[in-house]
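In what follows, a structure is listed as C-alpha cells, so that the remarks can point back to it.
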Amino acid sequence: MIRKIMRDTVFLTQKAEPATLADLSVAQDLLDTLVANKDGCVGMAANMIGVNKRIIAFDNEGSYMVMFNPEIVKRVEPYEAEEGCLSLTGTRKTKRWKSIKVQYQNERFKTRFKTFTGWTAQIIQHEIDHCEGIVI
C-alpha cells in the first residue's frame with residue numbers, strides 16, 4: 001500500500017524500534033511508497049511512512065533492496081555531501097563515508113553483512129540516519 005510521506009520532525013527525530021517478523025507488511029508498504037515516489041526518491045526509512053521501526057528500502061544499483069535492523073559496522077573515507085529528503089524541503093550538507101559495511105537482517109531475519117560504496121552507500125547512510133532519529 002502506498003502511504004503518505006511523514007513530515008512531522010518531532011516524529012522523525014525519534015529513534016526507531018527494532019523490526020520483527022510482524023513488520024514484513026511495513027516493508028512492503030515502504031517498497032510500494034518508494035516505487036510510487038521513484039522520480040524524486042532513491043531510498044526510504046519506515047519512519048518516513050509513519051512507522052517507527054528500523055526498516056529501510058533503497059535503490060541498489062537498479063533493483064530495490066530492503067534491510068531490517070541495519071547497522072553500519074565499518075566506515076571508510078569521509079566526505080561532505082549535500083542531500084535532500086522527501087520529508088523535508090530543500091537540501092542540507094552532511095558528512096558521509098565513501099565505503100560502509102552494514103550488518104542487517106533480510107526478509108527471513110537472517111543476519112547478513114554487505115559492503116557498499118559510492119552512491120548506494122550514501123543512500124543507505126541517509127536512511128540509517130532516519131532510523132537513528134537524525135534528520136539532515
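A note on labels: chains of the C-alpha cells are A, B, ... as shown, every chain counts residues from 1, and ligands are counted from 1 in their shown order.
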
Please, which residues in range 23-117 of chain A fall within 8 Å of range 5-18 of chain A when counting only C-alpha atoms, and what is the closest atom pair and distance in Å to one decimal for each, ordered by chain then residue number, as CSV?
residue,atom,partner,partner_atom,distance
A:Asn47,CA,A:Leu12,CA,6.3
A:Met48,CA,A:Met6,CA,4.9
A:Ile49,CA,A:Ile5,CA,5.2
A:Gly50,CA,A:Met6,CA,5.7
A:Asn52,CA,A:Ala16,CA,4.8
A:Lys53,CA,A:Glu17,CA,4.7
A:Arg54,CA,A:Pro18,CA,5.3
A:Asn69,CA,A:Pro18,CA,6.0
A:Leu86,CA,A:Ile5,CA,7.2
A:Ser87,CA,A:Arg7,CA,4.7
A:Leu88,CA,A:Arg7,CA,6.6

Go ahead and write the selection's residues with C-alpha atoms as a compact mmCIF listing (two decimals), in the first residue's frame.
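Everything below was put into result-v7.txt:
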# COMPACT_ATOMS: atom_id res chain seq x y z
CA ASN A 47 9.51 6.42 9.80
CA MET A 48 9.02 8.33 6.54
CA ILE A 49 5.69 6.46 6.17
CA GLY A 50 4.76 6.91 9.83
CA ASN A 52 8.82 3.93 13.87
CA LYS A 53 10.69 0.70 13.02
CA ARG A 54 14.27 0.03 11.84
CA ASN A 69 17.61 -3.52 11.66
CA LEU A 86 11.03 13.79 0.76
CA SER A 87 10.22 14.56 4.40
CA LEU A 88 11.95 17.98 4.22

Backbone-only DSSP, helix (DSSP H, G or I) members of range 4-123 of chain A, as a PyMOL selection string:
chain A and resi 9-12+21-36+46-49+118-123

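Among the candidates A:Ser63, A:Ser25, A:Thr117, A:Gln122, the residue lying nearest to Glu80 in chain A is A:Gln122 (atoms considered: only C-alpha atoms).
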
From a backbone DSSP assignment, name each residue in chain A labelled strand (DSSP E or B), as a ChimeraX atom specification.
/A:17,43-45,53,55-60,63-84,91-105,111-117

Range 106-111 of chain A surroundings by only C-alpha atoms, 12 Å radius, close-in-sequence under 4 positions cut, as a short mmCIF file (atom, residue, chain, number, x, y, z; two decimals) with N, CA and C atoms, in the first residue's frame:
data_model
loop_
_atom_site.label_atom_id
_atom_site.label_comp_id
_atom_site.auth_asym_id
_atom_site.auth_seq_id
_atom_site.Cartn_x
_atom_site.Cartn_y
_atom_site.Cartn_z
N PRO A 18 13.37 -1.72 17.10
CA PRO A 18 13.79 -2.86 16.27
C PRO A 18 12.61 -3.46 15.50
N ALA A 19 12.87 -3.86 14.28
CA ALA A 19 11.86 -4.52 13.46
C ALA A 19 11.81 -6.00 13.80
N THR A 20 10.64 -6.60 13.61
CA THR A 20 10.43 -8.03 13.85
C THR A 20 9.73 -8.65 12.63
N LEU A 21 9.55 -9.95 12.63
CA LEU A 21 8.83 -10.63 11.55
C LEU A 21 7.43 -10.05 11.34
N ALA A 22 6.83 -9.54 12.40
CA ALA A 22 5.50 -8.95 12.31
C ALA A 22 5.48 -7.68 11.45
N ASP A 23 6.67 -7.16 11.11
CA ASP A 23 6.76 -5.93 10.34
C ASP A 23 6.97 -6.14 8.84
N LEU A 24 6.84 -7.37 8.36
CA LEU A 24 7.03 -7.63 6.94
C LEU A 24 6.07 -6.81 6.08
N SER A 25 4.84 -6.60 6.53
CA SER A 25 3.89 -5.81 5.74
C SER A 25 4.32 -4.34 5.68
N VAL A 26 4.99 -3.86 6.72
CA VAL A 26 5.51 -2.49 6.71
C VAL A 26 6.57 -2.36 5.61
N ALA A 27 7.42 -3.38 5.47
CA ALA A 27 8.44 -3.37 4.43
C ALA A 27 7.80 -3.31 3.05
N GLN A 28 6.71 -4.02 2.85
CA GLN A 28 6.03 -3.98 1.55
C GLN A 28 5.44 -2.60 1.29
N ILE A 55 13.58 -0.18 9.53
CA ILE A 55 13.46 -0.81 8.22
C ILE A 55 13.79 0.25 7.18
N ILE A 56 14.64 -0.12 6.22
CA ILE A 56 14.93 0.79 5.12
C ILE A 56 14.75 0.06 3.79
N ALA A 57 14.45 0.83 2.75
CA ALA A 57 14.35 0.31 1.39
C ALA A 57 15.06 1.31 0.50
N MET A 65 16.14 -2.98 -2.60
CA MET A 65 16.59 -3.85 -1.51
C MET A 65 15.97 -3.34 -0.21
N VAL A 66 15.60 -4.27 0.67
CA VAL A 66 15.06 -3.94 1.98
C VAL A 66 16.01 -4.49 3.04
N MET A 67 16.24 -3.70 4.08
CA MET A 67 17.06 -4.14 5.21
C MET A 67 16.25 -3.94 6.49
N PHE A 68 16.27 -4.95 7.33
CA PHE A 68 15.67 -4.86 8.66
C PHE A 68 16.81 -4.68 9.66
N ASN A 69 16.65 -3.77 10.57
CA ASN A 69 17.61 -3.52 11.66
C ASN A 69 19.04 -3.28 11.17
N PRO A 70 19.21 -2.39 10.17
CA PRO A 70 20.56 -2.15 9.65
C PRO A 70 21.43 -1.35 10.63
N GLU A 71 22.70 -1.71 10.66
CA GLU A 71 23.70 -1.01 11.47
C GLU A 71 24.98 -0.90 10.65
N VAL A 102 27.66 -2.91 6.28
CA VAL A 102 26.39 -2.90 7.00
C VAL A 102 26.05 -4.31 7.48
#

Rounded to one decimal, what separation in Å do you get between CA of Ala46 in chain A and CA of Trp97 in chain A?
22.4 Å

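Atom pair CA of Ala36 in chain A / CA of Ser99 in chain A has a distance of 28.3 Å (rounded to one decimal).
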
Hey, which of A:Asp129, A:Ala121, A:Tyr104, A:Ile136 ends up closest to Thr89 in chain A? Count only C-alpha atoms.
A:Ile136

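The nearest approach to Arg112 in chain A among the residues A:Val42, A:Lys93, A:Ile2, A:Ile72, with only C-alpha atoms taken into account, belongs to A:Ile72.
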
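In this structure, CA of Tyr79 in chain A sits 5.8 Å away from CA of Lys95 in chain A.
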